Structure formats: structure tokens, C-alpha cells
$ cat start-v2.txt   # compact mmCIF, C-alpha atoms
# COMPACT_ATOMS: atom_id res chain seq x y z
CA MET Y 126 167.87 67.37 81.24
CA MET Y 127 171.47 67.87 82.24
CA SER Y 128 172.89 64.87 84.11
CA TYR Y 129 173.36 66.68 87.44
CA LEU Y 130 169.64 67.54 87.46
CA GLN Y 131 168.76 63.87 87.05
CA ASP Y 132 170.90 62.66 89.97
CA THR Y 133 169.29 61.66 93.26
CA ASP Y 134 172.50 62.25 95.25
CA THR Y 135 173.46 65.93 95.01
CA SER Y 136 176.11 65.84 97.76
CA THR Y 137 179.05 64.92 95.52
CA ILE Y 138 182.08 67.12 94.83
CA VAL Y 139 180.87 67.57 91.25
CA HIS Y 140 177.55 68.94 92.45
CA GLU Y 141 179.31 71.28 94.90
CA ILE Y 142 181.38 72.71 92.03
CA ILE Y 143 178.32 73.10 89.78
CA PHE Y 144 176.19 74.76 92.46
CA LYS Y 145 179.07 77.12 93.30
CA ALA Y 146 179.23 78.05 89.60
CA PHE Y 147 175.49 78.80 89.63
CA ASP Y 148 175.99 81.12 92.61
CA ASP Y 149 178.83 82.89 90.79
CA VAL Y 150 176.64 83.44 87.72
CA ARG Y 151 173.93 85.05 89.84
CA GLY Y 152 176.47 87.67 90.89
CA ALA Y 153 177.71 88.40 87.36
CA ASP Y 154 176.90 91.61 85.54
CA PHE Y 155 176.81 89.91 82.13
CA VAL Y 156 176.75 86.42 80.65
CA ILE Y 157 178.46 85.69 77.33
CA CYS Y 158 177.96 82.35 75.66
CA ASN Y 159 179.45 80.34 72.81
CA THR Y 160 176.21 79.92 70.91
CA VAL Y 161 174.28 81.67 68.14
CA GLN Y 162 171.14 83.76 68.59
CA GLU Y 163 169.36 82.17 65.62
CA LEU Y 164 169.88 78.60 66.86
CA GLU Y 165 168.53 79.03 70.41
CA PRO Y 166 166.22 82.07 70.28
CA GLU Y 167 163.68 80.97 72.92
CA THR Y 168 166.30 79.95 75.48
CA ILE Y 169 168.33 83.12 74.95
CA SER Y 170 165.23 85.31 75.21
CA ALA Y 171 164.29 83.64 78.52
CA LEU Y 172 167.80 84.18 79.90
CA GLN Y 173 167.86 87.81 78.81
CA VAL Y 174 164.85 88.48 81.03
CA LYS Y 175 166.99 87.53 84.04
CA LYS Y 176 170.36 89.04 83.09
CA PRO Y 177 172.19 90.71 80.17
CA PHE Y 178 173.06 87.70 77.99
CA PHE Y 179 175.11 87.83 74.80
CA ALA Y 180 175.43 85.00 72.27
CA ILE Y 181 178.79 85.54 70.55
CA GLY Y 182 179.51 82.14 68.99
CA PRO Y 183 180.80 80.18 67.34
CA ILE Y 184 184.14 80.63 69.11
CA PHE Y 185 186.95 78.63 67.51
CA PRO Y 186 190.72 78.66 68.14
CA SER Y 187 192.92 80.76 65.87
CA GLY Y 188 193.61 78.84 62.67
CA PHE Y 189 190.64 76.52 63.24
CA THR Y 190 189.39 76.71 59.67
CA LYS Y 191 192.79 75.76 58.26
CA THR Y 192 193.32 72.13 57.26
CA LYS Y 193 195.81 71.67 60.07
CA SER Y 194 195.31 73.77 63.18
CA SER Y 195 198.37 74.84 65.11
CA VAL Y 196 196.39 74.83 68.35
CA ALA Y 197 196.85 71.73 70.52
CA THR Y 198 193.53 70.46 71.87
CA SER Y 199 194.88 67.94 74.38
CA LEU Y 200 197.99 66.73 76.15
CA TRP Y 201 197.62 63.42 74.27
CA PRO Y 202 200.01 62.98 71.33
CA GLU Y 203 198.16 63.47 68.03
CA SER Y 204 198.08 60.95 65.19
CA ASP Y 205 197.84 62.11 61.59
CA CYS Y 206 195.09 60.15 59.79
CA THR Y 207 195.28 62.07 56.51
CA GLN Y 208 197.04 59.43 54.43
CA TRP Y 209 194.65 56.70 55.58
CA LEU Y 210 191.60 58.91 54.99
CA ASP Y 211 192.88 59.80 51.51
CA SER Y 212 192.50 56.12 50.57
CA LYS Y 213 188.78 56.02 51.46
CA PRO Y 214 185.76 57.09 49.36
CA LYS Y 215 184.03 60.38 50.03
CA GLY Y 216 181.68 60.28 53.03
CA SER Y 217 182.44 56.63 53.82
CA VAL Y 218 184.23 57.00 57.19
CA LEU Y 219 182.63 57.32 60.63
CA TYR Y 220 184.67 59.34 63.12
CA ILE Y 221 184.28 58.25 66.77
CA SER Y 222 185.47 60.24 69.77
CA PHE Y 223 184.26 60.73 73.35
CA GLY Y 224 186.28 63.87 74.03
CA SER Y 225 189.31 64.58 76.15
CA TYR Y 226 188.05 63.79 79.65
CA ALA Y 227 184.69 61.95 79.69
CA HIS Y 228 184.67 58.28 80.69
CA ILE Y 229 182.45 55.59 79.22
CA ASN Y 230 181.07 52.43 80.82
CA LYS Y 231 182.95 49.38 79.54
CA ASN Y 232 179.78 47.43 78.69
CA ASP Y 233 178.52 50.40 76.65
CA LEU Y 234 181.85 50.62 74.83
CA ILE Y 235 181.71 46.90 74.02
CA GLU Y 236 178.21 47.27 72.56
CA ILE Y 237 179.34 50.23 70.47
CA ALA Y 238 182.36 48.27 69.23
CA HIS Y 239 180.23 45.27 68.22
CA GLY Y 240 177.68 47.54 66.55
CA LEU Y 241 180.50 49.19 64.64
CA LEU Y 242 181.72 45.82 63.40
CA GLN Y 243 178.21 44.77 62.37
CA SER Y 244 177.66 48.00 60.41
CA LYS Y 245 180.67 47.24 58.15
CA VAL Y 246 181.49 50.96 57.76
CA ASN Y 247 184.98 52.44 57.66
CA PHE Y 248 185.98 54.28 60.83
CA VAL Y 249 188.52 56.34 62.76
CA PHE Y 250 188.15 55.46 66.46
CA VAL Y 251 189.77 57.81 68.99
CA LEU Y 252 190.32 55.67 72.06
CA ARG Y 253 192.11 57.35 74.94
CA PRO Y 254 193.94 54.91 77.23
CA ASP Y 255 191.75 56.09 80.13
CA VAL Y 256 188.43 56.31 78.27
CA VAL Y 257 187.06 53.53 80.51
CA SER Y 258 189.64 53.58 83.31
CA VAL Y 259 193.36 54.08 83.80
CA ASP Y 260 193.36 50.46 84.97
CA ASP Y 261 191.83 49.20 81.71
CA PRO Y 262 193.88 50.55 78.78
CA ASN Y 263 192.57 47.90 76.32
CA PRO Y 264 188.78 47.85 76.79
CA LEU Y 265 187.74 46.71 73.30
CA PRO Y 266 186.21 43.23 72.89
CA GLU Y 267 188.50 40.37 72.00
CA GLY Y 268 189.07 40.02 68.27
CA PHE Y 269 187.96 43.58 67.45
CA LEU Y 270 191.30 44.66 66.02
CA GLU Y 271 191.64 41.58 63.82
CA GLU Y 272 188.10 41.84 62.46
CA SER Y 273 188.28 45.56 61.71
CA LYS Y 274 191.88 46.03 60.58
CA ASP Y 275 191.07 46.47 56.88
CA ARG Y 276 188.45 49.17 57.35
CA GLY Y 277 189.30 51.05 60.53
CA ILE Y 278 192.08 52.62 62.56
CA ILE Y 279 192.30 53.15 66.31
CA ILE Y 280 194.30 56.08 67.67
CA GLN Y 281 194.78 57.73 71.08
CA TRP Y 282 194.13 61.27 69.86
CA CYS Y 283 194.10 63.43 66.74
CA CYS Y 284 193.53 66.96 65.49
CA GLN Y 285 189.74 66.74 65.37
CA ILE Y 286 189.18 69.55 62.90
CA GLN Y 287 191.69 67.97 60.52
CA VAL Y 288 189.70 64.73 60.58
CA LEU Y 289 186.22 66.29 60.48
CA SER Y 290 187.11 68.51 57.54
CA HIS Y 291 188.38 65.57 55.44
CA PRO Y 292 186.04 64.65 52.55
CA ALA Y 293 186.10 60.96 53.54
CA ILE Y 294 184.31 61.66 56.84
CA GLY Y 295 180.56 61.09 56.62
CA GLY Y 296 179.49 60.98 60.27
CA PHE Y 297 180.60 61.62 63.84
CA LEU Y 298 179.72 59.34 66.79
CA THR Y 299 180.12 61.79 69.65
CA HIS Y 300 179.59 62.30 73.39
CA CYS Y 301 177.91 65.59 72.43
CA GLY Y 302 180.42 67.96 73.94
CA TRP Y 303 179.50 71.47 72.83
CA ASN Y 304 182.81 72.17 71.08
CA SER Y 305 182.54 68.90 69.15
CA ILE Y 306 179.02 69.77 68.02
CA LEU Y 307 180.03 73.22 66.78
CA GLU Y 308 183.06 71.80 64.96
CA SER Y 309 180.97 69.07 63.35
CA ILE Y 310 178.36 71.60 62.18
CA TRP Y 311 181.08 73.83 60.75
CA CYS Y 312 182.43 70.84 58.80
CA SER Y 313 178.90 69.72 57.74
CA VAL Y 314 179.26 66.29 59.39
CA PRO Y 315 176.01 64.76 60.79
CA LEU Y 316 176.12 63.36 64.32
CA LEU Y 317 175.37 60.11 66.11
CA CYS Y 318 174.73 61.11 69.72
CA PHE Y 319 175.77 59.22 72.85
CA PRO Y 320 175.98 61.78 75.70
CA LEU Y 321 177.84 60.86 78.87
CA LEU Y 322 177.54 63.73 81.37
CA THR Y 323 176.51 67.30 82.25
CA ASP Y 324 175.19 69.43 79.35
CA GLN Y 325 175.71 66.69 76.77
CA PHE Y 326 172.16 65.37 77.24
CA THR Y 327 170.72 68.82 76.55
CA ASN Y 328 173.05 69.18 73.56
CA ARG Y 329 171.72 65.91 72.16
CA LYS Y 330 168.18 67.28 72.34
CA LEU Y 331 169.24 70.26 70.24
CA VAL Y 332 171.02 68.08 67.67
CA VAL Y 333 168.34 65.41 67.28
CA ASP Y 334 165.00 67.03 68.13
CA ASP Y 335 165.45 70.72 67.34
CA TRP Y 336 167.97 70.95 64.51
CA LYS Y 337 167.48 67.41 63.15
CA ILE Y 338 171.14 66.99 62.20
CA GLY Y 339 171.74 63.67 63.93
CA LEU Y 340 170.44 60.50 65.54
CA ASN Y 341 170.28 59.02 69.04
CA ILE Y 342 171.86 55.85 70.32
CA GLY Y 343 171.42 54.46 73.82
CA ARG Y 344 168.66 56.76 75.03
CA LYS Y 345 167.51 53.97 77.36
CA GLN Y 346 169.88 51.03 77.02
CA ILE Y 347 172.48 50.75 74.32
CA THR Y 348 172.60 47.60 72.17
CA ARG Y 349 174.89 46.58 69.35
CA LYS Y 350 171.92 46.17 67.00
CA GLU Y 351 170.73 49.72 67.62
CA VAL Y 352 174.27 51.04 67.15
CA SER Y 353 174.67 49.16 63.88
CA ASP Y 354 171.25 50.22 62.57
CA GLN Y 355 171.77 53.89 63.41
CA ILE Y 356 175.29 53.97 61.96
CA ILE Y 357 173.97 52.53 58.70
CA ARG Y 358 171.08 55.00 58.64
CA LEU Y 359 173.40 57.96 59.24
CA MET Y 360 176.09 56.87 56.78
CA ASP Y 361 173.87 55.56 53.99
CA GLU Y 362 173.95 57.89 51.00
CA LYS Y 363 170.16 57.89 50.60
CA SER Y 364 168.88 57.88 54.21
CA GLY Y 365 171.68 60.16 55.43
CA CYS Y 366 170.86 62.81 52.85
CA GLU Y 367 168.23 64.41 55.13
CA PHE Y 368 170.83 65.06 57.83
CA LYS Y 369 173.30 66.51 55.34
CA LYS Y 370 170.62 68.88 54.08
CA GLU Y 371 169.67 70.07 57.57
CA ILE Y 372 173.24 70.50 58.79
CA THR Y 373 174.03 72.66 55.77
CA GLU Y 374 171.29 75.07 56.90
CA VAL Y 375 172.51 75.07 60.51
CA LYS Y 376 176.04 75.76 59.30
CA LYS Y 377 174.74 78.81 57.42
CA ALA Y 378 173.42 80.15 60.72
CA LEU Y 379 176.91 79.85 62.25
CA GLN Y 380 178.52 81.48 59.24
CA ASN Y 381 176.03 84.34 59.08
CA ALA Y 382 176.36 85.04 62.81
CA SER Y 383 180.15 85.29 62.39
CA LYS Y 384 180.02 87.90 59.63
CA ASN Y 385 180.82 91.56 60.28
CA ASP Y 386 177.11 92.41 60.35
CA GLY Y 387 176.05 89.10 61.92
CA SER Y 388 174.22 88.64 65.21
CA SER Y 389 177.27 87.45 67.15
CA GLU Y 390 179.41 90.36 65.95
CA LYS Y 391 176.64 92.78 66.92
CA ASN Y 392 176.19 91.11 70.31
CA LEU Y 393 179.92 91.26 71.02
CA THR Y 394 180.00 94.96 70.13
CA GLN Y 395 176.98 95.60 72.36
CA PHE Y 396 178.61 93.71 75.23
CA VAL Y 397 181.81 95.77 74.95
CA ASN Y 398 179.80 99.01 74.86
CA ASP Y 399 177.68 98.00 77.87
CA LEU Y 400 180.80 96.96 79.77
CA LYS Y 401 182.46 100.33 79.10
CA VAL Y 402 179.36 102.12 80.41
CA LEU Y 403 179.29 99.95 83.52
CA ILE Y 404 182.98 100.59 84.23
CA SER Y 405 182.54 104.32 83.67
CA ASN Y 406 179.57 104.48 86.03
CA ARG Y 407 181.36 102.55 88.74
CA SER Y 408 184.43 104.75 88.40
CA ARG Y 409 182.31 107.87 88.92
CA ASN Y 410 180.59 106.34 91.92
CA HIS Y 411 183.94 105.67 93.56
$ encode --input "start-v2.txt" --output "C-alpha cells"
Amino acid sequence: MMSYLQDTDTSTIVHEIIFKAFDDVRGADFVICNTVQELEPETISALQVKKPFFAIGPIFPSGFTKTKSSVATSLWPESDCTQWLDSKPKGSVLYISFGSYAHINKNDLIEIAHGLLQSKVNFVFVLRPDVVSVDDPNPLPEGFLEESKDRGIIIQWCCQIQVLSHPAIGGFLTHCGWNSILESIWCSVPLLCFPLLTDQFTNRKLVVDDWKIGLNIGRKQITRKEVSDQIIRLMDEKSGCEFKKEITEVKKALQNASKNDGSSEKNLTQFVNDLKVLISNRSRNH
């Protein structure tokens, strides 16, 4: 379940914002969503009973499918990893990022870092200065940089699509933000899931249980051994093949929905038509 439905204290500012959003949705005439009809048919059907609901995804920024997008995704300065990635074998690099705003517990980050070292895989690690806290800009365990310098790079931020679309990338350790999941599917990169907040726990369920395009880490308590084992399983050419096969099929669903005669295009057209009718009716009534 989503994190705010698991909390015992629902009096926080975050909960106030979320509950206000729920109230706003109840008053909406339509709901449009960045998903695909074929990937979540049961959920979408249930929502459509309550309110006109249109799945119009995947929604990507202009130029997204180009090697280098011109759309900035964060205020953090971006590093270009292309030259380093060019030196690595196909599918040998694990990309790690926890998004632009989520924070991670320091002990969890330390376990992930040790598991990464134990796995011996190549990696690109996006580590924002505030990923743990603004007061702890260097949260990695002592000796991590020295031990990993020949097979990994650590950067503050990057153009994610540029990295994910590089042939050297073979997996993505992610916080399960929805945009990251869609981008990873589009680039056919299997996922290692470590959700941190809100809808990310539900997103993990879709990735691991429903679509079978990734693996869990830290469902109960994260350990370096589990991290290492799951990284190896995901990145291994033989054991990771099953995830590559499944994600190729899920990607086809995104591509087909985006076509001129696809479900998302049809849903968007239907939404526009329904909106025009609603506006026309309200104009006559006034």
C-alpha cells in the first residue's frame, strides 16, 4: 500500500496535503493519468465506475527519445557519463538513482553501498548532496570511493534518459518513482526496487509482482548481502534474461498505446470530445 496509508499518525502536513488532493479529485469532472490501459486494466476499470478516467500515457518531455534531451529534469547540474559508459561492456553497468527529492535513511544507504561493492558490478551512482540530509553531504561508508574507483562513478545528477538509453546499462536500482519506471521500461532496462515514499510502494508491486520486470530489495529490512545477491541476479546475463524478456513485452504495450490508433491516443481524443460537450452544455445552461 502507499506509504501514507500505512502511517499511524495522519496529522502531519504531508497527510493534510494528500487528503486535500483527494477532496479536489472528488470534485473533478474528469481524471487523466500517465499510465496505459493495457498495463492496469482492472484498476482503470474500477476507477471508471466512479468517474470518467482516461489513461493517456506514457507522457514524456519533448525530445525524450533523443539521445540527449534538451529538457532539464532538475536544478542540479548534470554530469555527462557518456565517455565513461562507452568504455564498459554492453549491459554491464548498474544505474542507481533515488530521484530528485526523496531522502534515504543513512543506514539503508550504507547497506546498499556495501552490497554494491560486494556485487563487483560496474555502476553509475547518482548521489545528491541532500539524499540523506543537507547536513550530511558525504554519507557513503569510509573507503567506498577507493574500493570502487575502477568500476564506478559517483555524480550529483545526470540526464537520466541519456544514461538509461546507453547500451552499457543493464539495470536500474530505483526508488520506484513513476517517471523513472516509465523511462526504464521505454529503454528496456530491468529494475531493482527500493521504494521510499508515497506511491512508490504500489509501483514496486506493479514492477515485481504484476509485470515481472524487476526485483525487490529491502521489503522488510535491507542488508548488504541481499543487495549484492539481487544485483548479481538482475545483472547476470543468464538469470537476468527473464527480466529482459518481460520488459520488452511491457515496452511494446507503451509503444502500441502511443501510436495514432493506440489506446492512449483514443482516450485522449475521447477526453477532448467529452470536455467540449461539457463546456458546451455548461455554456447553454448559463
$ residues_around --input "start-v2.txt" --residues "range 363-377 of chain Y" --least-positions-apart "4" --cutoff "6 Å" --atoms "only C-alpha atoms" --output "list in words"
Ile310, Trp311, Ser313, Pro315, Ile338, Arg358, Leu359 and Asn381 of chain Y
$ residues_around --input "start-v2.txt" --residues "Pro254 in chain Y" --least-positions-apart "2" --cutoff "10 Å" --atoms "all atoms listed in the file" --output "NGL selection string"
:Y and (201 or 251-252 or 256-264 or 280-282)
$ atom_distance --input "start-v2.txt" --atom1 "CA of Leu307 in chain Y" --atom2 "CA of Asn328 in chain Y"
10.5 Å
$ atom_distance --input "start-v2.txt" --atom1 "CA of Ala238 in chain Y" --atom2 "CA of Cys284 in chain Y"
22.1 Å
$ atom_distance --input "start-v2.txt" --atom1 "CA of Tyr226 in chain Y" --atom2 "CA of Glu203 in chain Y"
15.4 Å
$ residues_near_point --input "start-v2.txt" --point "(175.1, 93.0, 89.6)" --cutoff "12 Å" --atoms "only C-alpha atoms" --output "JSON, numbers by chain"
{"Y": [149, 150, 151, 152, 153, 154, 155, 156, 175, 176, 177, 403, 407]}
$ write_last_selection --input "start-v2.txt" --atoms "C-alpha atoms" --output "short mmCIF file (atom, residue, chain, number, x, y, z; two decimals), in the coordinates of the input"
data_model
loop_
_atom_site.label_atom_id
_atom_site.label_comp_id
_atom_site.auth_asym_id
_atom_site.auth_seq_id
_atom_site.Cartn_x
_atom_site.Cartn_y
_atom_site.Cartn_z
CA ASP Y 149 178.83 82.89 90.79
CA VAL Y 150 176.64 83.44 87.72
CA ARG Y 151 173.93 85.05 89.84
CA GLY Y 152 176.47 87.67 90.89
CA ALA Y 153 177.71 88.40 87.36
CA ASP Y 154 176.90 91.61 85.54
CA PHE Y 155 176.81 89.91 82.13
CA VAL Y 156 176.75 86.42 80.65
CA LYS Y 175 166.99 87.53 84.04
CA LYS Y 176 170.36 89.04 83.09
CA PRO Y 177 172.19 90.71 80.17
CA LEU Y 403 179.29 99.95 83.52
CA ARG Y 407 181.36 102.55 88.74
#
$ closest_residue --input "start-v2.txt" --among "Y:Tyr129, Y:Tyr220, Y:Ile181, Y:Arg253" --to "Phe326 in chain Y" --atoms "only C-alpha atoms"
Y:Tyr129
$ residues_around --input "start-v2.txt" --residues "range 205-212 of chain Y" --least-positions-apart "3" --cutoff "12 Å" --atoms "only C-alpha atoms" --output "compact mmCIF listing (two decimals) with C-alpha atoms, in the coordinates of the input"
# COMPACT_ATOMS: atom_id res chain seq x y z
CA THR Y 192 193.32 72.13 57.26
CA LYS Y 193 195.81 71.67 60.07
CA PRO Y 202 200.01 62.98 71.33
CA LYS Y 215 184.03 60.38 50.03
CA GLY Y 216 181.68 60.28 53.03
CA SER Y 217 182.44 56.63 53.82
CA VAL Y 218 184.23 57.00 57.19
CA LEU Y 219 182.63 57.32 60.63
CA TYR Y 220 184.67 59.34 63.12
CA ASN Y 247 184.98 52.44 57.66
CA PHE Y 248 185.98 54.28 60.83
CA VAL Y 249 188.52 56.34 62.76
CA PHE Y 250 188.15 55.46 66.46
CA VAL Y 251 189.77 57.81 68.99
CA ASP Y 275 191.07 46.47 56.88
CA ARG Y 276 188.45 49.17 57.35
CA GLY Y 277 189.30 51.05 60.53
CA ILE Y 278 192.08 52.62 62.56
CA ILE Y 279 192.30 53.15 66.31
CA ILE Y 280 194.30 56.08 67.67
CA GLN Y 281 194.78 57.73 71.08
CA TRP Y 282 194.13 61.27 69.86
CA CYS Y 283 194.10 63.43 66.74
CA CYS Y 284 193.53 66.96 65.49
CA GLN Y 285 189.74 66.74 65.37
CA ILE Y 286 189.18 69.55 62.90
CA GLN Y 287 191.69 67.97 60.52
CA VAL Y 288 189.70 64.73 60.58
CA LEU Y 289 186.22 66.29 60.48
CA SER Y 290 187.11 68.51 57.54
CA HIS Y 291 188.38 65.57 55.44
CA PRO Y 292 186.04 64.65 52.55
CA ALA Y 293 186.10 60.96 53.54
CA ILE Y 294 184.31 61.66 56.84
CA GLY Y 295 180.56 61.09 56.62
$ closest_atom_pairs --input "start-v2.txt" --of "range 312-385 of chain Y" --to "range 228-237 of chain Y" --cutoff "10 Å" --atoms "all atoms listed in the file" --output "Markdown table"
| residue | atom | partner | partner_atom | distance |
| --- | --- | --- | --- | --- |
| Y:Phe319 | CA | Y:Ile229 | CA | 9.9 |
| Y:Pro320 | CA | Y:Ile229 | CA | 9.6 |
| Y:Leu321 | CA | Y:Ile229 | CA | 7.0 |
| Y:Leu322 | CA | Y:His228 | CA | 9.0 |
| Y:Ile342 | CA | Y:Ile237 | CA | 9.4 |
| Y:Gly343 | CA | Y:Asp233 | CA | 8.7 |
| Y:Gln346 | CA | Y:Asp233 | CA | 8.7 |
| Y:Ile347 | CA | Y:Asp233 | CA | 6.5 |
| Y:Thr348 | CA | Y:Glu236 | CA | 5.6 |
| Y:Arg349 | CA | Y:Glu236 | CA | 4.7 |
| Y:Lys350 | CA | Y:Glu236 | CA | 8.5 |
| Y:Glu351 | CA | Y:Ile237 | CA | 9.1 |
| Y:Val352 | CA | Y:Ile237 | CA | 6.1 |
| Y:Ser353 | CA | Y:Ile237 | CA | 8.1 |
$ closest_residue --input "start-v2.txt" --among "Y:Leu379, Y:Val332, Y:Val397, Y:Ile357" --to "Ile306 in chain Y" --atoms "only C-alpha atoms"
Y:Val332
$ closest_residue --input "start-v2.txt" --among "Y:Asn410, Y:Ser405, Y:Asn392, Y:Asn304" --to "Gln325 in chain Y" --atoms "all atoms listed in the file"
Y:Asn304
$ axis_aligned_box --input "start-v2.txt" --around "range 340-357 of chain Y" --padding-each-side "5 Å" --output "lines of an AutoDock Vina configuration file"
center_x = 171.4
center_y = 53.3
center_z = 68.0
size_x = 17.8
size_y = 24.3
size_z = 28.7
$ closest_residue --input "start-v2.txt" --among "Y:Ser383, Y:Thr323, Y:Asn406, Y:Gln395" --to "Leu130 in chain Y" --atoms "only C-alpha atoms"
Y:Thr323
$ residues_near_point --input "start-v2.txt" --point "(186.0, 43.5, 66.4)" --cutoff "10 Å" --atoms "only C-alpha atoms" --output "PyMOL selection string"
chain Y and resi 235+238-243+265-274
$ closest_residue --input "start-v2.txt" --among "Y:Asp354, Y:Asp361, Y:Glu165, Y:Asp399" --to "Gly182 in chain Y" --atoms "only C-alpha atoms"
Y:Glu165
$ decode --input "start-v2.txt" --residues "range 253-262 of chain Y" --atoms "all heavy atoms" --output "PDB file, in the first residue's frame"
ATOM      1  N   ARG Y 253      22.747  12.755  -4.785  1.00  0.00           N
ATOM      2  CA  ARG Y 253      22.512  14.165  -4.478  1.00  0.00           C
ATOM      3  C   ARG Y 253      23.150  14.524  -3.136  1.00  0.00           C
ATOM      4  O   ARG Y 253      23.163  13.692  -2.222  1.00  0.00           O
ATOM      5  CB  ARG Y 253      21.012  14.468  -4.391  1.00  0.00           C
ATOM      6  CG  ARG Y 253      20.225  14.155  -5.619  1.00  0.00           C
ATOM      7  CD  ARG Y 253      18.764  14.632  -5.485  1.00  0.00           C
ATOM      8  NE  ARG Y 253      18.279  14.734  -4.123  1.00  0.00           N
ATOM      9  CZ  ARG Y 253      17.513  13.831  -3.516  1.00  0.00           C
ATOM     10  NH1 ARG Y 253      17.167  12.714  -4.151  1.00  0.00           N
ATOM     11  NH2 ARG Y 253      17.096  14.036  -2.298  1.00  0.00           N
ATOM     12  N   PRO Y 254      23.632  15.743  -2.976  1.00  0.00           N
ATOM     13  CA  PRO Y 254      24.243  16.130  -1.699  1.00  0.00           C
ATOM     14  C   PRO Y 254      23.282  16.042  -0.521  1.00  0.00           C
ATOM     15  O   PRO Y 254      23.708  15.874   0.619  1.00  0.00           O
ATOM     16  CB  PRO Y 254      24.673  17.593  -1.940  1.00  0.00           C
ATOM     17  CG  PRO Y 254      24.805  17.716  -3.414  1.00  0.00           C
ATOM     18  CD  PRO Y 254      23.774  16.805  -4.002  1.00  0.00           C
ATOM     19  N   ASP Y 255      21.965  16.119  -0.801  1.00  0.00           N
ATOM     20  CA  ASP Y 255      20.978  16.080   0.280  1.00  0.00           C
ATOM     21  C   ASP Y 255      20.202  14.770   0.308  1.00  0.00           C
ATOM     22  O   ASP Y 255      19.131  14.702   0.926  1.00  0.00           O
ATOM     23  CB  ASP Y 255      19.995  17.237   0.130  1.00  0.00           C
ATOM     24  CG  ASP Y 255      19.119  17.096  -1.115  1.00  0.00           C
ATOM     25  OD1 ASP Y 255      19.543  16.382  -2.058  1.00  0.00           O
ATOM     26  OD2 ASP Y 255      18.016  17.677  -1.142  1.00  0.00           O
ATOM     27  N   VAL Y 256      20.717  13.723  -0.331  1.00  0.00           N
ATOM     28  CA  VAL Y 256      19.946  12.481  -0.438  1.00  0.00           C
ATOM     29  C   VAL Y 256      19.661  11.873   0.934  1.00  0.00           C
ATOM     30  O   VAL Y 256      18.632  11.230   1.147  1.00  0.00           O
ATOM     31  CB  VAL Y 256      20.655  11.461  -1.360  1.00  0.00           C
ATOM     32  CG1 VAL Y 256      21.896  10.889  -0.700  1.00  0.00           C
ATOM     33  CG2 VAL Y 256      19.691  10.363  -1.791  1.00  0.00           C
ATOM     34  N   VAL Y 257      20.563  12.079   1.888  1.00  0.00           N
ATOM     35  CA  VAL Y 257      20.317  11.685   3.278  1.00  0.00           C
ATOM     36  C   VAL Y 257      19.858  12.897   4.077  1.00  0.00           C
ATOM     37  O   VAL Y 257      18.817  12.886   4.721  1.00  0.00           O
ATOM     38  CB  VAL Y 257      21.583  11.070   3.925  1.00  0.00           C
ATOM     39  CG1 VAL Y 257      21.394  10.898   5.430  1.00  0.00           C
ATOM     40  CG2 VAL Y 257      21.888   9.720   3.291  1.00  0.00           C
ATOM     41  N   SER Y 258      20.662  13.973   4.007  1.00  0.00           N
ATOM     42  CA  SER Y 258      20.364  15.215   4.725  1.00  0.00           C
ATOM     43  C   SER Y 258      21.285  16.304   4.212  1.00  0.00           C
ATOM     44  O   SER Y 258      22.415  16.033   3.792  1.00  0.00           O
ATOM     45  CB  SER Y 258      20.557  15.021   6.241  1.00  0.00           C
ATOM     46  OG  SER Y 258      20.603  16.264   6.912  1.00  0.00           O
ATOM     47  N   VAL Y 259      20.810  17.542   4.270  1.00  0.00           N
ATOM     48  CA  VAL Y 259      21.670  18.661   3.877  1.00  0.00           C
ATOM     49  C   VAL Y 259      22.862  18.785   4.807  1.00  0.00           C
ATOM     50  O   VAL Y 259      23.878  19.395   4.474  1.00  0.00           O
ATOM     51  CB  VAL Y 259      20.877  19.989   3.865  1.00  0.00           C
ATOM     52  CG1 VAL Y 259      19.854  20.004   2.755  1.00  0.00           C
ATOM     53  CG2 VAL Y 259      20.200  20.241   5.209  1.00  0.00           C
ATOM     54  N   ASP Y 260      22.743  18.196   6.010  1.00  0.00           N
ATOM     55  CA  ASP Y 260      23.830  18.244   6.980  1.00  0.00           C
ATOM     56  C   ASP Y 260      24.807  17.084   6.827  1.00  0.00           C
ATOM     57  O   ASP Y 260      25.764  16.974   7.596  1.00  0.00           O
ATOM     58  CB  ASP Y 260      23.263  18.243   8.412  1.00  0.00           C
ATOM     59  CG  ASP Y 260      22.356  19.434   8.669  1.00  0.00           C
ATOM     60  OD1 ASP Y 260      22.698  20.537   8.201  1.00  0.00           O
ATOM     61  OD2 ASP Y 260      21.306  19.250   9.311  1.00  0.00           O
ATOM     62  N   ASP Y 261      24.556  16.196   5.865  1.00  0.00           N
ATOM     63  CA  ASP Y 261      25.420  15.027   5.679  1.00  0.00           C
ATOM     64  C   ASP Y 261      25.692  14.833   4.186  1.00  0.00           C
ATOM     65  O   ASP Y 261      25.162  13.921   3.554  1.00  0.00           O
ATOM     66  CB  ASP Y 261      24.745  13.783   6.272  1.00  0.00           C
ATOM     67  CG  ASP Y 261      25.683  12.596   6.346  1.00  0.00           C
ATOM     68  OD1 ASP Y 261      26.862  12.730   5.944  1.00  0.00           O
ATOM     69  OD2 ASP Y 261      25.247  11.517   6.798  1.00  0.00           O
ATOM     70  N   PRO Y 262      26.530  15.698   3.603  1.00  0.00           N
ATOM     71  CA  PRO Y 262      26.760  15.650   2.155  1.00  0.00           C
ATOM     72  C   PRO Y 262      27.629  14.483   1.692  1.00  0.00           C
ATOM     73  O   PRO Y 262      27.707  14.221   0.489  1.00  0.00           O
ATOM     74  CB  PRO Y 262      27.450  16.983   1.871  1.00  0.00           C
ATOM     75  CG  PRO Y 262      28.136  17.325   3.153  1.00  0.00           C
ATOM     76  CD  PRO Y 262      27.261  16.800   4.251  1.00  0.00           C
TER      77      PRO Y 262
END
